Amino acid sequence: MPEPGTQQEPYAYVYSAEARETRKQFPSELVPKLLVILDELAMDPEAHPERIQKIGRRGEIQLYKHPDPPLEITYEIDKETRKLYFLHFAAPVVQLKQIFISYSHVDTEWFKRVKNVLQPLENQGLFRIWDDQKIAPGDKWLEEIEKALDAAQVAVLLVTQDFLQSPFILNKELVTLLSKAEKEGLRIIWIAVEKTPPDSPISQFQAANDPARPLCKLSEAEMNQVLEDIVIKLKKMALAN
C-alpha cells in the first residue's frame, strides 16, 4: 500500500491486436474521448467500481462501461508490473437521432448545399438524415413524410420567403415540428437563408445564424464559415447524448 499522500505512477498500457482494430472503427470524433478515458483508467483502473463488471471464467477481466459518451472498454490489470492490457473497445449501437430537413422545393439549390455540408454527420454515424428526396417513386409520399416527422429528434429548417409561404410546410410540417418541440423536446435548428420577418412562426427559436445577415447576403467564405459552425453545433449535440 502506498503511503497516504504519495503520488502513484500511472499504469502503463498496451493494446491487443483486437483492441487496435476496434479502435480504428470508432468515429473520429470519439477517439479523443476514448484516449482521455484510457488515461484516466491508467491513473486508477478501479476508481469507478460502479462502472466495472468482472467477466471471464475467474473474473480476471474488467469490463468498464463509460456513461457519456457510451463506451465499453475491456481490459486486464497486472498490479505487480502496473500494466493494463486493453483487450477490446466498443461503442454500443444506439438509436441514432434523426434529422428532418424541411425546405421549400423552390429552394432546392439551397437544400443541396446544406445537405452536402450535413452529410458527413451521417457518414460518421452521428445522425440519420431524412429529407423528401428519400421518397422513392411509388411511395405514398404523405405517409412517408408523416413517419419521418414522427421519428425526428432534430429539425433543420431552411427559412426563406417561399418556405414561410408554403401551405404544406406551415400547416403540416411546422405544426408537427413545433408540437414535438413543445411536448417531446425536439430540437429545432433554423437557418436564415433569406431575410425573415420577426413575427414568423419560428421566431421563438434561436436561429443558427444571424437573421440580419442571412446566407443569401454573405460572401462565399462567410457562408462556408456559418455552415461549418452549424455542423459543429450538431456534432456537439450528437456526442453529448
# chains A, B, ... in the order shown; residues from 1 in each chain; ligands from 1

call {"tool": "select_by_dssp", "arguments": {"residues": "region 149-193 of chain A", "states": "alpha helix (DSSP H)", "output": "number ranges by chain"}}
result
A: 149-151, 161-164, 167-168, 174-184

call {"tool": "residues_around", "arguments": {"residues": "Ile52 (chain A)", "least_positions_apart": "2", "cutoff": "7 Å", "atoms": "only C-alpha atoms", "output": "PyMOL selection string"}}
result
chain A and resi 48-50+54+62-65

call {"tool": "write_last_selection", "arguments": {"atoms": "N, CA and C atoms", "output": "mmCIF file, in the first residue's frame"}}
result
data_model
loop_
_atom_site.group_PDB
_atom_site.id
_atom_site.type_symbol
_atom_site.label_atom_id
_atom_site.label_comp_id
_atom_site.auth_asym_id
_atom_site.auth_seq_id
_atom_site.Cartn_x
_atom_site.Cartn_y
_atom_site.Cartn_z
ATOM 1 N N HIS A 48 -13.776 3.765 -10.409
ATOM 2 C CA HIS A 48 -15.238 3.794 -10.527
ATOM 3 C C HIS A 48 -15.781 2.366 -10.486
ATOM 4 N N PRO A 49 -15.824 1.754 -9.330
ATOM 5 C CA PRO A 49 -16.287 0.359 -9.247
ATOM 6 C C PRO A 49 -17.711 0.170 -9.730
ATOM 7 N N GLU A 50 -18.523 1.229 -9.646
ATOM 8 C CA GLU A 50 -19.913 1.114 -10.100
ATOM 9 C C GLU A 50 -20.014 0.974 -11.612
ATOM 10 N N LYS A 54 -16.812 -7.532 -13.550
ATOM 11 C CA LYS A 54 -15.768 -8.543 -13.712
ATOM 12 C C LYS A 54 -16.323 -9.692 -14.551
ATOM 13 N N GLN A 62 -11.814 -7.095 -16.700
ATOM 14 C CA GLN A 62 -12.680 -5.989 -16.303
ATOM 15 C C GLN A 62 -13.406 -5.438 -17.528
ATOM 16 N N LEU A 63 -14.705 -5.226 -17.383
ATOM 17 C CA LEU A 63 -15.485 -4.544 -18.417
ATOM 18 C C LEU A 63 -15.921 -3.209 -17.835
ATOM 19 N N TYR A 64 -15.334 -2.143 -18.356
ATOM 20 C CA TYR A 64 -15.628 -0.794 -17.885
ATOM 21 C C TYR A 64 -16.624 -0.160 -18.844
ATOM 22 N N LYS A 65 -17.748 0.336 -18.307
ATOM 23 C CA LYS A 65 -18.784 0.970 -19.117
ATOM 24 C C LYS A 65 -18.835 2.450 -18.789
#

call {"tool": "atom_distance", "arguments": {"atom1": "CA of Ser166 (chain A)", "atom2": "CA of Val117 (chain A)"}}
result
24.5 Å

call {"tool": "closest_atom_pairs", "arguments": {"of": "region 167-233 of chain A", "to": "region 118-128 of chain A", "cutoff": "10 Å", "atoms": "only C-alpha atoms", "output": "CSV"}}
result
residue,atom,partner,partner_atom,distance
A:Leu227,CA,A:Leu118,CA,8.7
A:Glu228,CA,A:Leu118,CA,9.0
A:Ile230,CA,A:Leu118,CA,8.8
A:Val231,CA,A:Leu118,CA,6.4
A:Ile232,CA,A:Leu121,CA,9.7

call {"tool": "write_last_selection", "arguments": {"atoms": "C-alpha atoms", "output": "CSV table (one decimal), in the first residue's frame"}}
result
chain,number,residue,atom,x,y,z
A,227,LEU,CA,-22.4,26.3,-42.3
A,228,GLU,CA,-19.3,24.9,-40.6
A,230,ILE,CA,-23.8,24.8,-37.7
A,231,VAL,CA,-22.2,21.4,-38.3
A,232,ILE,CA,-20.1,21.8,-35.2

call {"tool": "closest_residue", "arguments": {"among": "A:His88, A:Lys217, A:Lys79, A:His66", "to": "Glu18 (chain A)", "atoms": "only C-alpha atoms"}}
result
A:His88

call {"tool": "select_by_dssp", "arguments": {"residues": "region 79-129 of chain A", "states": "strand (DSSP E)", "output": "PyMOL selection string"}}
result
chain A and resi 83-90+97-102+127-129

call {"tool": "closest_atom_pairs", "arguments": {"of": "region 63-128 of chain A", "to": "region 152-155 of chain A", "cutoff": "10 Å", "atoms": "only C-alpha atoms", "output": "Markdown table"}}
result
| residue | atom | partner | partner_atom | distance |
| --- | --- | --- | --- | --- |
| A:Leu96 | CA | A:Gln153 | CA | 9.3 |
| A:Lys97 | CA | A:Gln153 | CA | 5.7 |
| A:Gln98 | CA | A:Ala152 | CA | 4.9 |
| A:Ile99 | CA | A:Val154 | CA | 4.7 |
| A:Phe100 | CA | A:Ala155 | CA | 4.7 |
| A:Ile101 | CA | A:Ala155 | CA | 5.9 |
| A:Ser102 | CA | A:Ala155 | CA | 7.2 |
| A:Phe127 | CA | A:Val154 | CA | 9.4 |
| A:Arg128 | CA | A:Ala152 | CA | 9.3 |

call {"tool": "residues_around", "arguments": {"residues": "Pro214 (chain A)", "least_positions_apart": "6", "cutoff": "12 Å", "atoms": "only C-alpha atoms", "output": "ChimeraX atom specification"}}
result
/A:158-161,190-197,207-208,222-223,226-227

call {"tool": "closest_residue", "arguments": {"among": "A:Val31, A:Ile145, A:Ile73, A:Leu239", "to": "Tyr15 (chain A)", "atoms": "only C-alpha atoms"}}
result
A:Ile73

call {"tool": "atom_distance", "arguments": {"atom1": "CA of Lys147 (chain A)", "atom2": "CA of Lys115 (chain A)"}}
result
20.0 Å

call {"tool": "residues_around", "arguments": {"residues": "Phe168 (chain A)", "least_positions_apart": "4", "cutoff": "12 Å", "atoms": "only C-alpha atoms", "output": "MDAnalysis selection string"}}
result
chainID A and resid 102:105 142 145 162:164 172:176

call {"tool": "write_last_selection", "arguments": {"atoms": "C-alpha atoms", "output": "compact mmCIF listing (two decimals), in the first residue's frame"}}
result
# COMPACT_ATOMS: atom_id res chain seq x y z
CA SER A 102 -37.60 20.99 -44.05
CA TYR A 103 -37.37 23.26 -47.08
CA SER A 104 -39.38 24.66 -49.98
CA HIS A 105 -38.80 22.96 -53.31
CA LEU A 142 -47.54 11.93 -47.36
CA ILE A 145 -43.28 12.38 -44.53
CA ASP A 162 -41.07 30.60 -50.11
CA PHE A 163 -40.64 28.39 -47.03
CA LEU A 164 -42.86 30.71 -44.98
CA LYS A 172 -48.30 20.20 -41.83
CA GLU A 173 -44.56 20.13 -41.21
CA LEU A 174 -44.25 23.16 -38.94
CA VAL A 175 -47.36 22.32 -36.93
CA THR A 176 -45.97 18.84 -36.22

call {"tool": "closest_residue", "arguments": {"among": "A:Ala17, A:Ile61, A:Ile77, A:Ala90", "to": "Leu41 (chain A)", "atoms": "only C-alpha atoms"}}
result
A:Ile77

call {"tool": "residues_around", "arguments": {"residues": "Phe86 (chain A)", "least_positions_apart": "3", "cutoff": "8 Å", "atoms": "only C-alpha atoms", "output": "VMD selection string"}}
result
chain A and resid 13 to 16 19 73 to 76 89

call {"tool": "residues_around", "arguments": {"residues": "Pro67 (chain A)", "least_positions_apart": "3", "cutoff": "10 Å", "atoms": "only C-alpha atoms", "output": "list in words"}}
result
Arg51, Tyr64, Pro70, Leu71, Glu72 and Asn241 of chain A

call {"tool": "write_last_selection", "arguments": {"atoms": "C-alpha atoms", "output": "CSV table (one decimal), in the first residue's frame"}}
result
chain,number,residue,atom,x,y,z
A,51,ARG,CA,-18.9,1.2,-13.8
A,64,TYR,CA,-15.6,-0.8,-17.9
A,70,PRO,CA,-21.4,5.4,-24.0
A,71,LEU,CA,-18.2,3.4,-24.5
A,72,GLU,CA,-17.1,-0.1,-23.3
A,241,ASN,CA,-26.0,12.2,-25.5
